[in-house]
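Next comes work-v8.txt, with compact mmCIF, C-alpha atoms.
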```txt
# COMPACT_ATOMS: atom_id res chain seq x y z
CA MET A 1 82.48 53.93 83.44
CA ASN A 2 85.38 53.67 81.07
CA TYR A 3 87.93 56.49 80.93
CA ARG A 4 90.89 57.09 78.65
CA LEU A 5 93.87 58.31 80.67
CA LEU A 6 96.92 60.05 79.15
CA TYR A 7 100.18 60.44 81.06
CA PHE A 8 102.96 62.94 80.53
CA ALA A 9 106.50 63.52 81.79
CA SER A 10 107.26 61.89 85.17
CA LEU A 11 103.71 60.52 85.47
CA ALA A 12 104.23 58.56 82.24
CA ASP A 13 107.56 57.26 83.58
CA ARG A 14 105.89 56.20 86.84
CA ALA A 15 102.85 54.62 85.13
CA GLY A 16 105.11 52.88 82.62
CA CYS A 17 102.81 53.95 79.77
CA ALA A 18 101.65 57.03 77.87
CA SER A 19 97.98 56.08 78.01
CA GLU A 20 95.57 53.45 79.29
CA ASP A 21 91.82 52.69 79.38
CA ARG A 22 90.37 52.14 82.85
CA ASP A 23 87.02 51.13 84.27
CA SER A 24 86.24 53.16 87.38
CA ASP A 25 83.31 54.28 89.49
CA ALA A 26 85.03 57.62 90.24
CA PRO A 27 82.49 60.36 89.39
CA THR A 28 85.02 63.23 89.35
CA PRO A 29 88.75 63.73 88.62
CA ARG A 30 89.32 64.06 92.40
CA GLU A 31 88.22 60.48 93.12
CA LEU A 32 89.79 59.18 89.91
CA TYR A 33 93.20 60.62 90.80
CA ALA A 34 93.09 59.17 94.31
CA GLU A 35 92.39 55.75 92.78
CA ILE A 36 95.02 56.01 90.02
CA ALA A 37 97.72 57.52 92.26
CA LYS A 38 97.45 54.46 94.52
CA ILE A 39 97.71 52.01 91.60
CA HIS A 40 100.75 53.71 89.98
CA ASP A 41 102.31 55.01 93.19
CA PHE A 42 102.24 58.64 91.97
CA ALA A 43 104.09 60.93 94.37
CA PHE A 44 102.26 64.16 93.44
CA THR A 45 99.41 65.28 95.67
CA ALA A 46 96.43 66.53 93.63
CA THR A 47 97.13 70.10 94.85
CA ARG A 48 100.25 70.17 92.67
CA LEU A 49 98.41 69.01 89.54
CA ARG A 50 95.89 70.44 87.11
CA VAL A 51 93.36 68.25 85.34
CA ALA A 52 92.03 68.33 81.77
CA VAL A 53 89.04 66.48 80.35
CA ASN A 54 88.73 66.10 76.58
CA GLY A 55 91.43 68.71 75.99
CA ALA A 56 90.09 71.44 78.27
CA LEU A 57 91.07 72.36 81.83
CA VAL A 58 88.36 71.52 84.39
CA ASP A 59 87.81 71.70 88.15
CA TRP A 60 88.55 68.69 90.31
CA GLY A 61 84.81 68.38 91.00
CA HIS A 62 83.88 68.17 87.28
CA ARG A 63 81.37 65.33 86.54
CA LEU A 64 83.02 62.71 84.33
CA ALA A 65 81.16 60.96 81.50
CA GLU A 66 81.61 57.62 79.76
CA GLY A 67 84.58 57.63 77.39
CA ASP A 68 86.11 60.90 78.70
CA GLU A 69 89.80 61.54 78.02
CA VAL A 70 91.29 62.52 81.38
CA VAL A 71 94.76 63.99 81.83
CA PHE A 72 96.44 64.81 85.16
CA LEU A 73 98.97 67.55 84.41
CA PRO A 74 102.13 67.74 86.50
CA PRO A 75 103.73 71.20 86.97
CA VAL A 76 104.83 72.40 83.54
CA SER A 77 108.38 73.27 82.49
CA GLY A 78 108.21 74.62 78.95
CA GLY A 79 110.10 77.66 77.69
CA MET B 1 141.89 131.19 67.38
CA ASN B 2 140.48 129.20 64.50
CA TYR B 3 137.79 126.61 65.17
CA ARG B 4 136.12 124.07 62.92
CA LEU B 5 132.37 123.99 63.55
CA LEU B 6 130.08 121.13 62.45
CA TYR B 7 126.30 121.54 62.34
CA PHE B 8 123.63 118.86 62.45
CA ALA B 9 119.87 118.61 61.98
CA SER B 10 117.99 121.90 62.45
CA LEU B 11 121.21 123.77 63.34
CA ALA B 12 122.62 122.87 59.90
CA ASP B 13 119.36 124.06 58.30
CA ARG B 14 119.53 127.34 60.21
CA ALA B 15 123.27 127.88 59.54
CA GLY B 16 122.79 126.95 55.90
CA CYS B 17 125.87 124.75 55.99
CA ALA B 18 127.14 121.50 57.53
CA SER B 19 130.47 122.97 58.64
CA GLU B 20 132.50 126.16 58.69
CA ASP B 21 135.85 127.50 59.94
CA ARG B 22 135.65 130.52 62.22
CA ASP B 23 138.12 132.84 63.88
CA SER B 24 136.98 133.65 67.40
CA ASP B 25 138.35 134.86 70.71
CA ALA B 26 135.86 132.69 72.62
CA PRO B 27 137.92 130.66 75.15
CA THR B 28 135.17 128.10 75.91
CA PRO B 29 132.17 126.54 74.15
CA ARG B 30 129.90 128.75 76.28
CA GLU B 31 131.23 131.99 74.78
CA LEU B 32 131.57 130.42 71.34
CA TYR B 33 127.91 129.34 71.27
CA ALA B 34 126.72 132.79 72.36
CA GLU B 35 128.68 134.29 69.49
CA ILE B 36 127.59 131.74 66.85
CA ALA B 37 123.95 131.67 67.96
CA LYS B 38 123.74 135.41 67.31
CA ILE B 39 125.32 135.12 63.83
CA HIS B 40 123.07 132.23 62.67
CA ASP B 41 120.02 133.17 64.71
CA PHE B 42 119.92 129.79 66.50
CA ALA B 43 116.76 129.42 68.60
CA PHE B 44 118.15 126.87 71.08
CA THR B 45 119.42 128.13 74.42
CA ALA B 46 122.66 126.43 75.45
CA THR B 47 120.82 124.61 78.25
CA ARG B 48 119.08 122.47 75.62
CA LEU B 49 122.32 121.54 73.87
CA ARG B 50 125.35 119.37 74.57
CA VAL B 51 128.76 120.20 73.22
CA ALA B 52 131.53 117.99 71.82
CA VAL B 53 135.13 118.92 71.09
CA ASN B 54 137.19 116.70 68.78
CA GLY B 55 134.58 113.93 68.97
CA ALA B 56 134.18 113.79 72.77
CA LEU B 57 131.53 115.38 75.01
CA VAL B 58 132.90 118.22 77.16
CA ASP B 59 131.63 120.75 79.70
CA TRP B 60 130.60 124.20 78.57
CA GLY B 61 133.61 125.60 80.46
CA HIS B 62 136.13 123.42 78.57
CA ARG B 63 139.22 125.41 77.37
CA LEU B 64 139.29 125.45 73.59
CA ALA B 65 142.53 125.13 71.61
CA GLU B 66 143.60 126.24 68.13
CA GLY B 67 142.07 124.04 65.42
CA ASP B 68 139.51 122.31 67.68
CA GLU B 69 136.49 120.69 66.04
CA VAL B 70 133.49 121.99 67.99
CA VAL B 71 129.96 120.58 67.67
CA PHE B 72 126.85 121.93 69.38
CA LEU B 73 124.44 119.00 69.64
CA PRO B 74 120.71 119.68 69.54
CA PRO B 75 118.42 117.22 71.43
CA VAL B 76 118.79 113.82 69.76
CA SER B 77 116.00 111.81 68.14
CA GLY B 78 117.51 108.49 67.08
CA GLY B 79 115.82 105.13 67.54
CA MET C 1 135.38 95.45 70.74
CA ASN C 2 132.78 96.75 68.31
CA ARG C 3 129.35 96.19 69.79
CA PHE C 4 127.75 99.30 68.30
CA ARG C 5 127.83 100.52 64.75
CA LEU C 6 126.15 102.88 62.32
CA SER C 7 125.07 101.45 58.98
CA ASP C 8 124.03 103.10 55.75
CA ALA C 9 122.78 99.75 54.40
CA THR C 10 119.88 97.46 55.39
CA ILE C 11 120.44 95.65 58.71
CA ASP C 12 120.33 91.86 58.31
CA VAL C 13 119.05 90.73 61.72
CA GLY C 14 119.42 87.05 60.83
CA THR C 15 123.17 87.49 60.36
CA GLU C 16 123.73 90.00 63.17
CA ARG C 17 122.12 87.89 65.86
CA ASN C 18 124.74 85.16 65.38
CA ALA C 19 127.07 87.42 67.37
CA LEU C 20 124.85 86.75 70.41
CA ASP C 21 125.25 82.96 70.38
CA HIS C 22 126.71 81.46 73.55
CA ALA C 23 126.34 77.89 74.83
CA ALA C 24 125.62 79.14 78.35
CA ALA C 25 122.92 81.60 77.22
CA GLY C 26 119.28 80.58 77.68
CA ALA C 27 117.62 83.85 76.68
CA CYS C 28 117.95 86.24 73.79
CA VAL C 29 115.90 89.44 73.53
CA GLY C 30 115.86 91.57 70.41
CA PHE C 31 114.39 95.01 69.80
CA GLU C 32 113.66 96.35 66.32
CA GLY C 33 112.68 99.96 65.75
CA TRP C 34 110.71 100.25 62.52
CA VAL C 35 109.80 103.35 60.53
CA ARG C 36 106.11 103.97 61.25
CA ASN C 37 103.64 105.54 58.86
CA HIS C 38 102.50 108.01 61.53
CA ASN C 39 103.85 110.17 64.36
CA ASP C 40 101.99 112.47 66.69
CA GLY C 41 98.89 112.20 64.50
CA ARG C 42 100.64 113.08 61.23
CA ALA C 43 101.06 110.72 58.24
CA VAL C 44 104.75 110.02 57.58
CA LEU C 45 106.09 109.02 54.14
CA GLN C 46 109.78 108.46 54.90
CA LEU C 47 112.53 109.32 57.38
CA GLY C 48 116.08 110.59 57.16
CA TYR C 49 118.63 109.83 59.91
CA GLN C 50 121.73 111.95 60.36
CA ALA C 51 124.50 111.13 62.83
CA TYR C 52 127.61 112.83 64.16
CA ALA C 53 129.41 109.57 63.43
CA PRO C 54 132.60 109.67 65.56
CA LEU C 55 130.71 110.64 68.71
CA ALA C 56 127.72 108.40 67.92
CA GLU C 57 130.04 105.40 67.70
CA ARG C 58 131.85 106.38 70.88
CA GLU C 59 128.62 106.92 72.83
CA GLY C 60 127.02 103.76 71.43
CA GLU C 61 130.07 101.70 72.36
CA ALA C 62 130.04 103.22 75.86
CA ILE C 63 126.35 102.33 76.32
CA LEU C 64 126.95 98.69 75.37
CA ALA C 65 130.01 98.45 77.64
CA GLU C 66 127.91 99.87 80.49
CA ALA C 67 125.16 97.33 79.75
CA MET C 68 127.66 94.45 79.87
CA ALA C 69 128.82 95.70 83.28
CA ARG C 70 125.35 96.47 84.74
CA PHE C 71 123.50 93.31 83.67
CA ARG C 72 124.42 89.60 83.69
CA LEU C 73 124.78 89.31 79.91
CA ARG C 74 126.71 87.03 77.60
CA GLU C 75 126.68 89.46 74.66
CA ALA C 76 125.04 92.66 73.42
CA ARG C 77 124.91 94.42 70.06
CA CYS C 78 123.29 97.49 68.51
CA ILE C 79 123.17 98.80 64.95
CA HIS C 80 121.58 102.12 63.95
CA ARG C 81 120.77 103.11 60.38
CA VAL C 82 121.69 106.44 58.84
CA GLY C 83 120.37 107.87 55.56
CA LEU C 84 116.93 107.75 53.99
CA LEU C 85 114.47 105.06 55.17
CA ALA C 86 111.02 103.99 53.96
CA ILE C 87 107.98 102.93 56.01
CA GLY C 88 108.59 99.50 57.53
CA ASP C 89 112.38 99.76 57.27
CA LEU C 90 114.43 98.69 60.27
CA ALA C 91 115.95 101.85 61.80
CA VAL C 92 117.63 100.36 64.87
CA TRP C 93 118.31 96.87 66.20
CA VAL C 94 119.35 95.86 69.72
CA GLY C 95 120.12 92.26 70.61
CA VAL C 96 121.30 90.76 73.89
CA SER C 97 121.88 87.24 75.20
CA ALA C 98 121.98 86.13 78.83
CA ASP C 99 121.68 83.01 80.96
CA HIS C 100 118.28 84.18 82.23
CA ARG C 101 115.47 86.18 80.69
CA ASP C 102 115.20 88.80 83.47
CA ALA C 103 118.60 90.25 82.59
CA ALA C 104 117.98 89.93 78.84
CA PHE C 105 114.70 91.90 78.92
CA GLU C 106 116.02 94.57 81.29
CA ALA C 107 119.25 95.10 79.40
CA CYS C 108 117.61 95.26 75.97
CA ARG C 109 115.16 97.88 77.20
CA TRP C 110 117.88 99.86 78.96
CA ILE C 111 120.10 99.90 75.86
CA ILE C 112 117.45 101.23 73.48
CA ASP C 113 116.42 103.87 76.04
CA GLU C 114 120.03 105.04 76.45
CA VAL C 115 120.66 105.02 72.69
CA LYS C 116 117.62 107.22 72.15
CA ARG C 117 118.65 109.52 74.99
CA ARG C 118 122.39 109.90 74.36
CA VAL C 119 123.60 108.93 70.90
CA PRO C 120 123.89 111.95 68.52
CA ILE C 121 121.50 110.84 65.79
CA TRP C 122 118.68 113.00 64.46
CA LYS C 123 115.50 112.07 62.66
CA ASN C 124 114.01 114.11 59.83
CA GLU C 125 110.37 113.20 59.19
CA HIS C 126 108.87 113.72 55.74
CA TYR C 127 105.13 114.18 56.07
CA ALA C 128 102.33 113.38 53.65
CA ASP C 129 101.40 117.11 53.53
CA GLY C 130 104.77 117.91 51.93
CA GLU C 131 106.40 119.35 55.04
CA SER C 132 109.42 117.87 56.72
CA GLY C 133 111.14 118.58 59.98
CA TRP C 134 113.93 117.59 62.32
CA LEU C 135 112.73 116.12 65.59
CA HIS C 136 114.32 117.59 68.70
CA PRO C 137 112.52 116.18 71.71
CA ASP C 138 113.11 118.31 74.74
CA ASN C 139 114.68 116.25 77.49
CA THR C 140 116.06 119.19 79.43
CA PRO C 141 114.25 121.21 82.11
CA ALA C 142 114.81 124.53 80.35
CA GLY C 143 112.51 125.44 77.45
CA ILE C 144 113.58 127.17 74.25
CA MET D 1 93.52 82.87 64.16
CA ASN D 2 96.63 80.81 64.77
CA ARG D 3 99.07 82.89 66.78
CA PHE D 4 100.52 79.99 68.76
CA ARG D 5 101.84 76.70 67.50
CA LEU D 6 103.93 73.70 68.45
CA SER D 7 106.67 72.67 66.05
CA ASP D 8 108.72 69.49 65.76
CA ALA D 9 111.07 71.21 63.28
CA THR D 10 113.58 74.06 63.62
CA ILE D 11 111.94 77.48 64.05
CA ASP D 12 112.96 79.92 61.31
CA VAL D 13 112.73 83.29 63.10
CA GLY D 14 113.54 85.22 59.92
CA THR D 15 110.43 83.86 58.25
CA GLU D 16 108.16 83.87 61.31
CA ARG D 17 108.75 87.51 62.17
CA ASN D 18 107.23 88.61 58.86
CA ALA D 19 103.86 87.90 60.48
CA LEU D 20 104.53 90.86 62.79
CA ASP D 21 104.94 93.46 60.02
CA HIS D 22 102.52 96.38 60.18
CA ALA D 23 102.95 99.86 58.66
CA ALA D 24 101.74 101.50 61.89
CA ALA D 25 104.12 99.51 64.12
CA GLY D 26 107.27 101.25 65.34
CA ALA D 27 108.53 98.59 67.74
CA CYS D 28 109.10 94.87 67.54
CA VAL D 29 110.38 92.82 70.48
CA GLY D 30 111.41 89.21 70.15
CA PHE D 31 112.30 86.64 72.80
CA GLU D 32 114.25 83.48 72.02
CA GLY D 33 114.65 80.72 74.59
CA TRP D 34 117.77 78.70 73.80
CA VAL D 35 118.87 75.33 75.17
CA ARG D 36 121.63 76.12 77.68
CA ASN D 37 124.57 73.86 78.49
CA HIS D 38 123.84 74.14 82.22
CA ASN D 39 120.98 74.25 84.71
CA ASP D 40 121.10 74.56 88.47
CA GLY D 41 124.83 73.89 88.44
CA ARG D 42 124.63 70.69 86.33
CA ALA D 43 126.06 70.27 82.82
CA VAL D 44 123.32 69.60 80.27
CA LEU D 45 123.89 67.72 76.99
CA GLN D 46 120.46 67.91 75.38
CA LEU D 47 116.77 68.43 76.13
CA GLY D 48 113.53 66.70 75.28
CA TYR D 49 110.23 68.60 75.19
CA GLN D 50 106.91 66.79 75.48
CA ALA D 51 103.53 68.51 75.09
CA TYR D 52 99.89 67.60 75.60
CA ALA D 53 99.30 69.06 72.16
CA PRO D 54 95.54 69.80 72.00
CA LEU D 55 95.56 71.62 75.35
CA ALA D 56 98.95 73.27 74.73
CA GLU D 57 97.62 74.80 71.52
CA ARG D 58 94.40 75.91 73.19
CA GLU D 59 96.23 77.47 76.15
CA GLY D 60 98.87 79.06 73.93
CA GLU D 61 96.20 80.56 71.69
CA ALA D 62 94.33 81.87 74.75
CA ILE D 63 97.50 83.55 76.10
CA LEU D 64 98.13 85.36 72.80
CA ALA D 65 94.49 86.46 72.56
CA GLU D 66 94.74 87.80 76.13
CA ALA D 67 97.97 89.64 75.23
CA MET D 68 96.29 91.27 72.20
CA ALA D 69 93.50 92.47 74.50
CA ARG D 70 95.70 93.60 77.44
CA PHE D 71 98.41 95.48 75.52
CA ARG D 72 98.33 97.93 72.61
CA LEU D 73 99.78 95.51 70.07
CA ARG D 74 99.59 95.19 66.31
CA GLU D 75 100.49 91.49 66.27
CA ALA D 76 101.84 88.69 68.47
CA ARG D 77 103.14 85.19 67.79
CA CYS D 78 104.65 82.26 69.69
CA ILE D 79 106.13 78.96 68.57
CA HIS D 80 107.32 76.24 70.96
CA ARG D 81 109.47 73.29 69.95
CA VAL D 82 108.70 69.69 70.88
CA GLY D 83 111.06 66.70 70.56
CA LEU D 84 114.79 66.39 71.14
CA LEU D 85 116.92 69.58 71.12
CA ALA D 86 120.67 70.18 71.24
CA ILE D 87 122.59 72.93 73.08
CA GLY D 88 122.04 76.28 71.37
CA ASP D 89 118.80 75.18 69.67
CA LEU D 90 115.87 77.56 69.75
CA ALA D 91 113.23 76.07 72.10
CA VAL D 92 110.66 78.87 72.10
CA TRP D 93 110.17 82.12 70.19
CA VAL D 94 107.86 85.01 71.07
CA GLY D 95 107.49 88.03 68.80
CA VAL D 96 105.25 91.09 69.15
CA SER D 97 104.85 94.34 67.24
CA ALA D 98 103.33 97.58 68.56
CA ASP D 99 103.22 101.29 67.80
CA HIS D 100 105.38 101.98 70.87
CA ARG D 101 108.14 100.07 72.62
CA ASP D 102 106.61 100.15 76.11
CA ALA D 103 103.76 97.87 75.05
CA ALA D 104 106.06 95.67 72.95
CA PHE D 105 108.50 94.98 75.81
CA GLU D 106 105.75 94.43 78.40
CA ALA D 107 103.69 92.13 76.20
CA CYS D 108 106.64 90.01 75.07
CA ARG D 109 107.71 89.48 78.67
CA TRP D 110 104.15 88.74 79.79
CA ILE D 111 103.62 86.17 77.03
CA ILE D 112 106.76 84.13 77.75
CA ASP D 113 105.97 84.20 81.49
CA GLU D 114 102.42 82.94 80.87
CA VAL D 115 103.58 80.29 78.41
CA LYS D 116 106.04 78.94 80.97
CA ARG D 117 103.41 79.03 83.69
CA ARG D 118 100.38 77.61 81.90
CA VAL D 119 101.09 75.71 78.69
CA PRO D 120 101.31 71.91 79.23
CA ILE D 121 104.85 71.32 77.98
CA TRP D 122 107.51 69.44 79.95
CA LYS D 123 111.27 69.49 79.72
CA ASN D 124 113.44 66.42 80.15
CA GLU D 125 117.07 67.33 80.80
CA HIS D 126 119.82 64.92 79.84
CA TYR D 127 122.84 65.54 82.06
CA ALA D 128 126.55 65.02 81.39
CA ASP D 129 126.68 62.48 84.24
CA GLY D 130 124.32 60.14 82.34
CA GLU D 131 121.22 60.92 84.38
CA SER D 132 118.10 62.52 82.96
CA GLY D 133 115.00 63.90 84.56
CA TRP D 134 111.70 65.64 83.98
CA LEU D 135 111.54 69.13 85.43
CA HIS D 136 108.46 69.88 87.51
CA PRO D 137 108.93 73.27 89.11
CA ASP D 138 106.63 73.67 92.07
CA ASN D 139 104.41 76.69 91.59
CA THR D 140 101.80 75.63 94.10
CA PRO D 141 101.80 76.31 97.84
CA ALA D 142 101.48 72.65 98.79
CA GLY D 143 104.60 70.46 98.71
CA ILE D 144 104.79 66.88 97.45
```
Rewrite the structure from the file as structure tokens, please.
Amino acid sequence: MNYRLLYFASLADRAGCASEDRDSDAPTPRELYAEIAKIHDFAFTATRLRVAVNGALVDWGHRLAEGDEVVFLPPVSGG
Amino acid sequence: MNYRLLYFASLADRAGCASEDRDSDAPTPRELYAEIAKIHDFAFTATRLRVAVNGALVDWGHRLAEGDEVVFLPPVSGG
Amino acid sequence: MNRFRLSDATIDVGTERNALDHAAAGACVGFEGWVRNHNDGRAVLQLGYQAYAPLAEREGEAILAEAMARFRLREARCIHRVGLLAIGDLAVWVGVSADHRDAAFEACRWIIDEVKRRVPIWKNEHYADGESGWLHPDNTPAGI
Amino acid sequence: MNRFRLSDATIDVGTERNALDHAAAGACVGFEGWVRNHNDGRAVLQLGYQAYAPLAEREGEAILAEAMARFRLREARCIHRVGLLAIGDLAVWVGVSADHRDAAFEACRWIIDEVKRRVPIWKNEHYADGESGWLHPDNTPAGI
């Protein structure tokens, strides 16, 4: 399936881009992050991140669908 | 001795004036309030009031001097 | 140092809060006390505030000096209105700045509590039924 | 209802707080988060804020709706800056109005805490020594 990935803060720095389209067989964010973290050498373990699909927070076991926008959210620092 | 008395809020309403000069033998605010409360029919017991002399809070046993400005302060309600 | 003052004119918060600016401050907390249209179940039309000015200013100044000593603040200010106020008018403003928000929230709350408890200012409520009355909350153990 | 928003322009608190006006409200508490010139012992020159906007707005709106339900408020608002900010700039503003000050203080504090904890916004600090870095405070039990 094809996913649209957005990156923010240090993950964008590490990936070298703010977004990318990726073909992947990962059925859930859990598998997708494991795959992506290896490619971009992300230092965060998934336990430190939250994940959003199409603009809403979801569980790591959420079933992904073709064309989903997936965002791995590093710990936030607003305010 | 002659004292200058200022009245605020309901004490001014009850006294019918905002200030008055009074001759009194009362040596402390305690005796002075007992005397004044009788004259103006003040309902407050001294335990509910604070007292200031010449713009500073004092104890009820403070020694009064000729010409002192004495203010009996009813419970406040600012804010 | 004048951190507290009485005012017989409208308080301009936008101007007053400039006194709180500090390059090291990361948090600013402000409290505004507004004249409500109700109190204790009665409809209120307007309020009058009376102060024993020399002592009110002395007590107010003492409260703000105590706040600066008790909390890790950069600055603190308070202005209290006197005179006749309408519904929605700003009766009292407290503003503090601090490096961190914990101190800013605690100090702002502490200051307004102390001002209400200690500063010789009295409120006269004018009710919709035509009555009016001075408020004298009883904070002492002994009753009348 | 839009109670939360992101802004890439200066926040005008004087204008924004008008949204909090209510004739029954007697207390208004405002929090301002300012860009400090220091953090964790390092001199800071400026800050950049980045947000995942659609989710930030959804989460921010949810926090303010929760605050309206949890506390006895008349109104609540929050605006968070994005983009590049200088020392002293207003980064985030929270304002609430309530009949009584207890609820106003508690709700204002709760809202800024939740915004900092949940809303997907990240801060990039630019230090005096030429370095810069994204801040990712660790709020989870597991380390990196």
Quick one, how far is atom CA of D:Arg58 from atom CA of D:Val115? 11.4 Å
Could you tell me how far atom CA of C:Asn2 sits from atom CA of C:Ala98, in Å to one decimal place? 18.4 Å
When distances are computed from all atoms listed in the file, which of B:Arg30, B:Arg14, B:Arg48, B:Arg22 shows the smallest separation from chain C? B:Arg48
d(atom CA of D:Ala25, atom CA of D:Arg117) in Å: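 Distance between the two atoms: 28.3 Å.
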Please report as JSON, numbers by chain which residues of chain C come no farther than 9 Å from chain B, using only C-alpha atoms. {"C": [33, 34, 49, 50, 51, 52, 53, 54, 55, 56, 58, 59, 80, 81, 91, 92, 93, 112, 113, 115, 116, 117, 118, 119, 120, 121, 122, 123, 124, 133, 134, 135, 136, 137, 138, 139, 140, 141, 142, 143, 144]}
Chain C contacts on chain D, all atoms listed in the file, 7 Å, as an NGL selection string: :D and (14 or 23-38 or 87-88)
Axis-aligned box for stretch 71-78 of chain A, 8 Å per side, centre and edges in Å as JSON:
```
{"center_x": 101.6, "center_y": 69.3, "center_z": 83.0, "size_x": 29.6, "size_y": 26.6, "size_z": 24.0}
```
List the neighbours of D:Phe71 out to 7 Å using only C-alpha atoms; skip same-chain residues closer than 4 positions along the sequence, and give me the result as a PyMOL selection string. chain D and resi 67+103+107
When you look at B:Ala26 with a cut-off of 12 Å (counting only C-alpha atoms), what residues show up, excluding the ones that are within fewer than 2 positions of it in the same chain? I need them as a list in words.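 The residues satisfying every condition are Met1, Asn2, Tyr3, Arg22, Asp23, Ser24, Thr28, Pro29, Arg30, Glu31, Leu32, Tyr33, Ala34, Glu35, Ile36, Trp60, Gly61, His62, Arg63, Leu64, Ala65, Glu66 and Val70 of chain B.
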Quick one: residues within 8 Å of stretch 126-132 of chain D, all atoms listed in the file, excluding same-chain residues fewer than 5 positions away - as a list in words? Arg42, Ala43, Val44, Leu45, Gln46, Leu47 and Gly48 of chain D
